[in-house]
$ cat protein_18.pdb   # PDB, C-alpha atoms
ATOM      1  CA  MET A   1     121.707 115.638  44.506
ATOM      2  CA  HIS A   2     118.668 113.868  45.912
ATOM      3  CA  LEU A   3     117.933 110.534  44.273
ATOM      4  CA  GLU A   4     114.405 110.079  43.017
ATOM      5  CA  GLU A   5     112.798 106.693  42.491
ATOM      6  CA  LYS A   6     113.519 106.890  38.752
ATOM      7  CA  HIS A   7     117.257 107.284  39.463
ATOM      8  CA  ILE A   8     117.322 104.347  41.865
ATOM      9  CA  ASN A   9     115.438 102.174  39.378
ATOM     10  CA  ALA A  10     117.886 103.166  36.645
ATOM     11  CA  LEU A  11     120.931 102.331  38.811
ATOM     12  CA  ASN A  12     119.327  99.021  39.733
ATOM     13  CA  LYS A  13     118.765  98.158  36.073
ATOM     14  CA  ALA A  14     122.257  99.319  35.136
ATOM     15  CA  GLU A  15     123.828  96.823  37.515
ATOM     16  CA  THR A  16     122.122  93.960  35.690
ATOM     17  CA  LEU A  17     123.380  95.246  32.332
ATOM     18  CA  LEU A  18     127.068  95.655  33.195
ATOM     19  CA  PHE A  19     129.420  93.429  31.223
ATOM     20  CA  PRO A  20     133.000  92.492  32.162
ATOM     21  CA  SER A  21     134.175  94.700  29.285
ATOM     22  CA  ASP A  22     132.653  97.679  31.134
ATOM     23  CA  PHE A  23     134.983  97.417  34.121
ATOM     24  CA  ARG A  24     137.751  94.848  33.626
ATOM     25  CA  PRO A  25     139.932  97.119  31.451
ATOM     26  CA  TYR A  26     139.814  99.641  34.295
ATOM     27  CA  LEU A  27     140.869  96.970  36.794
ATOM     28  CA  GLU A  28     143.759  96.021  34.532
ATOM     29  CA  LEU A  29     144.794  99.666  34.222
ATOM     30  CA  LYS A  30     144.844  99.972  38.022
ATOM     31  CA  ALA A  31     147.129  96.959  38.251
ATOM     32  CA  LEU A  32     149.415  98.188  35.452
ATOM     33  CA  LEU A  33     149.907 101.758  36.664
ATOM     34  CA  PRO A  34     152.646 101.056  39.274
ATOM     35  CA  ASP A  35     154.759  99.201  36.669
ATOM     36  CA  SER A  36     157.041 101.746  34.979
ATOM     37  CA  SER A  37     158.730  99.295  32.610
ATOM     38  CA  PRO A  38     158.458 100.199  28.893
ATOM     39  CA  PRO A  39     156.312  97.141  27.993
ATOM     40  CA  ALA A  40     153.883  97.915  30.822
ATOM     41  CA  ARG A  41     153.727 101.597  29.893
ATOM     42  CA  ASN A  42     153.037 100.749  26.253
ATOM     43  CA  HIS A  43     150.318  98.296  27.200
ATOM     44  CA  PHE A  44     148.799 100.779  29.649
ATOM     45  CA  ARG A  45     148.704 103.505  27.002
ATOM     46  CA  SER A  46     147.071 101.238  24.425
ATOM     47  CA  LEU A  47     144.506  99.911  26.883
ATOM     48  CA  PHE A  48     143.687 103.372  28.300
ATOM     49  CA  THR A  49     143.354 104.814  24.787
ATOM     50  CA  ASN A  50     140.885 102.140  23.721
ATOM     51  CA  TYR A  51     138.903 102.020  26.974
ATOM     52  CA  TYR A  52     138.489 105.764  27.334
ATOM     53  CA  GLY A  53     138.234 106.649  23.644
ATOM     54  CA  LEU A  54     141.311 108.802  23.138
ATOM     55  CA  ASN A  55     141.173 107.987  19.437
ATOM     56  CA  THR A  56     137.989 110.058  19.188
ATOM     57  CA  GLY A  57     137.497 113.811  19.316
ATOM     58  CA  GLY A  58     140.209 114.574  16.793
ATOM     59  CA  LEU A  59     143.039 114.350  19.318
ATOM     60  CA  THR A  60     146.514 114.675  17.839
ATOM     61  CA  ASP A  61     149.568 112.608  18.690
ATOM     62  CA  GLU A  62     150.997 115.731  20.336
ATOM     63  CA  PHE A  63     148.027 115.863  22.693
ATOM     64  CA  LYS A  64     148.113 112.143  23.485
ATOM     65  CA  ASN A  65     151.876 112.110  24.044
ATOM     66  CA  ARG A  66     151.678 115.010  26.501
ATOM     67  CA  PHE A  67     148.571 113.544  28.122
ATOM     68  CA  PHE A  68     150.385 110.310  28.961
ATOM     69  CA  GLU A  69     153.527 112.144  30.070
ATOM     70  CA  ILE A  70     151.401 113.983  32.643
ATOM     71  CA  LEU A  71     149.578 110.794  33.600
ATOM     72  CA  PHE A  72     152.771 108.812  34.159
ATOM     73  CA  GLU A  73     154.416 111.679  36.050
ATOM     74  CA  GLY A  74     151.493 111.472  38.452
ATOM     75  CA  LYS A  75     151.941 115.002  39.828
ATOM     76  CA  ILE A  76     148.240 115.774  40.093
ATOM     77  CA  MET A  77     147.780 116.778  43.737
ATOM     78  CA  VAL A  78     148.182 120.013  45.686
ATOM     79  CA  ASN A  79     147.429 120.068  49.403
ATOM     80  CA  GLY A  80     145.829 116.647  49.171
ATOM     81  CA  ARG A  81     143.405 117.581  46.398
ATOM     82  CA  PRO A  82     143.485 117.104  42.608
ATOM     83  CA  ASP A  83     144.958 120.143  40.853
ATOM     84  CA  PHE A  84     142.902 120.129  37.657
ATOM     85  CA  SER A  85     143.563 123.671  36.482
ATOM     86  CA  PRO A  86     147.169 123.492  35.186
ATOM     87  CA  ILE A  87     146.507 120.182  33.419
ATOM     88  CA  LEU A  88     143.376 121.515  31.759
ATOM     89  CA  ILE A  89     145.014 124.778  30.735
ATOM     90  CA  GLU A  90     148.059 123.094  29.194
ATOM     91  CA  LEU A  91     146.131 120.421  27.313
ATOM     92  CA  SER A  92     143.438 122.864  26.147
ATOM     93  CA  GLU A  93     146.113 124.833  24.299
ATOM     94  CA  ILE A  94     147.084 121.888  22.094
ATOM     95  CA  LYS A  95     145.173 122.099  18.819
ATOM     96  CA  ARG A  96     143.020 119.236  17.611
ATOM     97  CA  LYS A  97     143.233 117.799  14.097
ATOM     98  CA  THR A  98     140.560 120.291  13.058
ATOM     99  CA  GLY A  99     142.857 123.141  14.036
ATOM    100  CA  ASP A 100     140.799 124.341  16.976
ATOM    101  CA  CYS A 101     141.242 123.834  20.704
ATOM    102  CA  ALA A 102     138.885 122.328  23.279
ATOM    103  CA  MET A 103     138.718 121.967  27.039
ATOM    104  CA  PRO A 104     139.377 118.248  27.701
ATOM    105  CA  PHE A 105     137.194 117.976  30.814
ATOM    106  CA  SER A 106     136.325 114.311  30.345
ATOM    107  CA  PHE A 107     139.823 113.088  29.508
ATOM    108  CA  VAL A 108     141.409 114.972  32.407
ATOM    109  CA  SER A 109     138.880 113.501  34.859
ATOM    110  CA  LYS A 110     140.021 110.069  33.680
ATOM    111  CA  LEU A 111     143.693 111.018  33.997
ATOM    112  CA  VAL A 112     143.175 112.124  37.592
ATOM    113  CA  GLY A 113     140.782 109.277  38.337
ATOM    114  CA  ILE A 114     143.308 106.578  37.493
ATOM    115  CA  HIS A 115     145.513 107.956  40.266
ATOM    116  CA  LEU A 116     142.770 108.926  42.712
ATOM    117  CA  GLU A 117     139.859 106.517  42.694
ATOM    118  CA  SER A 118     137.719 108.777  44.859
ATOM    119  CA  SER A 119     137.761 111.394  42.076
ATOM    120  CA  PRO A 120     134.764 110.833  39.759
ATOM    121  CA  ILE A 121     134.679 110.626  36.000
ATOM    122  CA  TYR A 122     133.142 113.470  34.003
ATOM    123  CA  ASP A 123     131.271 112.851  30.771
ATOM    124  CA  LYS A 124     127.956 113.554  29.047
ATOM    125  CA  HIS A 125     126.269 110.697  30.917
ATOM    126  CA  VAL A 126     127.200 112.156  34.304
ATOM    127  CA  LEU A 127     125.954 115.578  33.221
ATOM    128  CA  ALA A 128     122.659 114.070  32.110
ATOM    129  CA  PHE A 129     122.220 112.050  35.315
ATOM    130  CA  PHE A 130     122.759 115.182  37.403
ATOM    131  CA  MET A 131     120.618 117.256  35.005
ATOM    132  CA  LYS A 132     123.426 119.776  34.465
ATOM    133  CA  LYS A 133     124.781 121.614  31.456
ATOM    134  CA  ALA A 134     128.400 122.655  31.069
ATOM    135  CA  PRO A 135     129.210 126.328  30.460
ATOM    136  CA  ALA A 136     129.510 127.352  26.832
ATOM    137  CA  ALA A 137     132.950 127.438  25.209
ATOM    138  CA  THR A 138     132.614 131.212  24.985
ATOM    139  CA  VAL A 139     132.697 131.536  28.782
ATOM    140  CA  ASP A 140     136.031 132.594  30.284
ATOM    141  CA  LYS A 141     138.345 129.607  30.664
ATOM    142  CA  SER A 142     138.961 130.168  34.378
ATOM    143  CA  LYS A 143     135.218 130.313  35.035
ATOM    144  CA  ARG A 144     134.661 127.085  33.123
ATOM    145  CA  ILE A 145     137.374 125.325  35.135
ATOM    146  CA  GLU A 146     135.912 126.662  38.377
ATOM    147  CA  TRP A 147     132.500 125.290  37.388
ATOM    148  CA  TYR A 148     134.060 121.924  36.473
ATOM    149  CA  VAL A 149     135.872 121.525  39.794
ATOM    150  CA  ASP A 150     132.744 122.490  41.732
ATOM    151  CA  PHE A 151     130.679 120.025  39.727
ATOM    152  CA  LEU A 152     133.112 117.149  40.298
ATOM    153  CA  ASN A 153     133.151 117.923  44.017
ATOM    154  CA  ASP A 154     129.362 117.798  44.028
ATOM    155  CA  VAL A 155     129.376 114.486  42.162
ATOM    156  CA  SER A 156     131.879 113.050  44.631
ATOM    157  CA  ARG A 157     129.815 114.155  47.631
ATOM    158  CA  SER A 158     126.657 112.753  46.063
ATOM    159  CA  TYR A 159     128.233 109.396  45.220
ATOM    160  CA  ARG A 160     129.582 109.016  48.752
ATOM    161  CA  ALA A 161     126.169 109.783  50.219
ATOM    162  CA  TRP A 162     124.366 107.443  47.841
ATOM    163  CA  ALA A 163     126.759 104.613  48.665
ATOM    164  CA  ASN A 164     125.461 104.698  52.249
ATOM    165  CA  ASP A 165     121.822 104.927  51.215
ATOM    166  CA  SER A 166     119.775 101.830  52.043
ATOM    167  CA  THR A 167     118.399 101.705  48.491
ATOM    168  CA  VAL A 168     121.744 102.036  46.693
ATOM    169  CA  LYS A 169     124.052 100.053  48.968
ATOM    170  CA  PRO A 170     122.541  96.684  47.933
ATOM    171  CA  ILE A 171     123.077  97.609  44.269
ATOM    172  CA  LEU A 172     126.784  98.226  44.929
ATOM    173  CA  GLU A 173     127.058  94.971  46.851
ATOM    174  CA  ARG A 174     125.605  93.072  43.891
ATOM    175  CA  LEU A 175     127.958  94.891  41.538
ATOM    176  CA  LYS A 176     130.944  93.680  43.579
ATOM    177  CA  THR A 177     129.925  90.082  42.913
ATOM    178  CA  HIS A 178     130.691  90.562  39.208
ATOM    179  CA  ASP A 179     134.431  90.385  39.949
ATOM    180  CA  ASP A 180     136.381  89.890  43.188
ATOM    181  CA  LYS A 181     138.621  92.854  42.319
ATOM    182  CA  LEU A 182     135.644  95.214  42.465
ATOM    183  CA  GLU A 183     135.642  94.685  46.230
ATOM    184  CA  SER A 184     138.696  96.931  46.470
ATOM    185  CA  CYS A 185     137.232  99.685  44.267
ATOM    186  CA  HIS A 186     136.106 102.944  45.833
ATOM    187  CA  ASP A 187     132.346 103.484  45.909
ATOM    188  CA  VAL A 188     132.841 106.544  43.695
ATOM    189  CA  ARG A 189     134.280 104.404  40.921
ATOM    190  CA  LEU A 190     131.538 101.784  41.275
ATOM    191  CA  LEU A 191     128.945 104.500  40.845
ATOM    192  CA  ASP A 192     130.888 105.808  37.844
ATOM    193  CA  PHE A 193     130.337 102.433  36.174
ATOM    194  CA  LEU A 194     126.633 102.459  36.975
ATOM    195  CA  VAL A 195     125.938 106.066  35.967
ATOM    196  CA  TRP A 196     127.799 105.499  32.696
ATOM    197  CA  LYS A 197     125.649 102.457  31.978
ATOM    198  CA  VAL A 198     122.471 104.396  32.814
ATOM    199  CA  GLY A 199     123.421 106.967  30.169
ATOM    200  CA  ASN A 200     124.790 104.529  27.658
ATOM    201  CA  ARG A 201     121.592 102.470  27.709
ATOM    202  CA  LYS A 202     119.280 105.501  28.109
ATOM    203  CA  LEU A 203     117.704 104.078  31.238
ATOM    204  CA  LEU A 204     116.366 107.455  32.396
ATOM    205  CA  THR A 205     114.506 108.294  29.189
TER     206      THR A 205
END
$ encode --input "protein_18.pdb" --output "structure tokens"
Amino acid sequence: MHLEEKHINALNKAETLLFPSDFRPYLELKALLPDSSPPARNHFRSLFTNYYGLNTGGLTDEFKNRFFEILFEGKIMVNGRPDFSPILIELSEIKRKTGDCAMPFSFVSKLVGIHLESSPIYDKHVLAFFMKKAPAATVDKSKRIEWYVDFLNDVSRSYRAWANDSTVKPILERLKTHDDKLESCHDVRLLDFLVWKVGNRKLLT
């Protein structure tokens, strides 16, 4: 995706509006993930649930328990790339509290992203920034997953290109001054923070 002036201005403004609460829970999750002790796992689950909103969307305990089992197992890669399909298929078959099922695109992007920082987050703010619309729920499940993987690949390529752009690079450098630990974050994750803030604060409208 080619960045227009309005996008660059929005990213620039977003950097000034980021609060520690926008990124420090993520940094803590990164640090906690390698610790497999029960107290660390419990703290990770609680922090992840609150930060990424797993208490919304009518998710059941069955869904959340399986979600974290998959996350802690960490078996998300095939041939060096995230293997989204089996995770999405399994979790999409667990009914929500309303009795229906949904494709957990956003939550699964966060599950994979905590293991692979170069894998971007998917949510409504990213869709809006890229001016895309997800396929309807009536579309065949395999086609929806194919679209999702292609979209995330496009987002990743775009973020990597933007990070080397002379107009965006200074924004990322300023963002890193918010916390020393952001220096070690992948550019994809830094842009995740910014694009989320653009959407959250409606900086493109």
$ closest_residue --input "protein_18.pdb" --among "A:Tyr122, A:Tyr26, A:Phe44, A:Trp196" --to "Val149 in chain A" --atoms "all atoms listed in the file"
A:Tyr122
$ closest_residue --input "protein_18.pdb" --among "A:Lys95, A:His43, A:Arg201, A:Lys181" --to "Glu62 in chain A" --atoms "all atoms listed in the file"
A:Lys95
$ residues_around --input "protein_18.pdb" --residues "Asn9 in chain A" --least-positions-apart "2" --cutoff "12 Å" --atoms "all atoms listed in the file" --output "number ranges by chain"
A: 3-7, 11-16, 167-168, 171, 194-195, 198, 203-205
$ residues_around --input "protein_18.pdb" --residues "Trp147 in chain A" --least-positions-apart "5" --cutoff "12 Å" --atoms "all atoms listed in the file" --output "PyMOL selection string"
chain A and resi 84-85+105+132-136+139-142+152-154
$ atom_distance --input "protein_18.pdb" --atom1 "CA of His178 in chain A" --atom2 "CA of Ala40 in chain A"
25.7 Å
$ axis_aligned_box --input "protein_18.pdb" --around "range 39-58 of chain A" --padding-each-side "6 Å" --output "AutoDock Vina command-line options"
--center_x 146.9 --center_y 105.9 --center_z 23.8 --size_x 30.8 --size_y 29.4 --size_z 26.0
$ closest_residue --input "protein_18.pdb" --among "A:Gly80, A:Pro34, A:Gly199, A:Gly113" --to "His125 in chain A" --atoms "only C-alpha atoms"
A:Gly199
$ atom_distance --input "protein_18.pdb" --atom1 "CA of Leu91 in chain A" --atom2 "CA of Phe107 in chain A"
9.9 Å
$ residues_around --input "protein_18.pdb" --residues "Gly99 in chain A" --least-positions-apart "3" --cutoff "10 Å" --atoms "all atoms listed in the file" --output "PDB file with C-alpha atoms, in the coordinates of the input"
ATOM      1  CA  GLY A  58     140.209 114.574  16.793  1.00  0.00           C
ATOM      2  CA  THR A  60     146.514 114.675  17.839  1.00  0.00           C
ATOM      3  CA  ILE A  94     147.084 121.888  22.094  1.00  0.00           C
ATOM      4  CA  LYS A  95     145.173 122.099  18.819  1.00  0.00           C
ATOM      5  CA  ARG A  96     143.020 119.236  17.611  1.00  0.00           C
TER       6      ARG A  96
END
$ resolve_selection --input "protein_18.pdb" --expression "the PyMOL selection byres ((chain A and resi 185) around 10)" --output "list in words"
Leu27, Lys30, Glu117, Ser118, Lys176, Asp180, Lys181, Leu182, Glu183, Ser184, His186, Asp187, Val188, Arg189 and Leu190 of chain A
$ resolve_selection --input "protein_18.pdb" --expression "the PyMOL selection byres ((chain A and resi 29) around 12)" --output "ChimeraX atom specification"
/A:23-28,30-35,40-52,110-111,113-115,117
$ closest_residue --input "protein_18.pdb" --among "A:Pro120, A:Pro82, A:Lys97, A:Met77" --to "Asp61 in chain A" --atoms "only C-alpha atoms"
A:Lys97
$ atom_distance --input "protein_18.pdb" --atom1 "CA of Lys64 in chain A" --atom2 "CA of Ser21 in chain A"
23.1 Å
$ residues_around --input "protein_18.pdb" --residues "Arg81 in chain A" --least-positions-apart "5" --cutoff "10 Å" --atoms "all atoms listed in the file" --output "list in words"
Ile76, Leu116 and Ser119 of chain A
$ write_last_selection --input "protein_18.pdb" --atoms "C-alpha atoms" --output "PDB file, keeping the file's coordinate frame"
ATOM      1  CA  ILE A  76     148.240 115.774  40.093  1.00  0.00           C
ATOM      2  CA  LEU A 116     142.770 108.926  42.712  1.00  0.00           C
ATOM      3  CA  SER A 119     137.761 111.394  42.076  1.00  0.00           C
TER       4      SER A 119
END
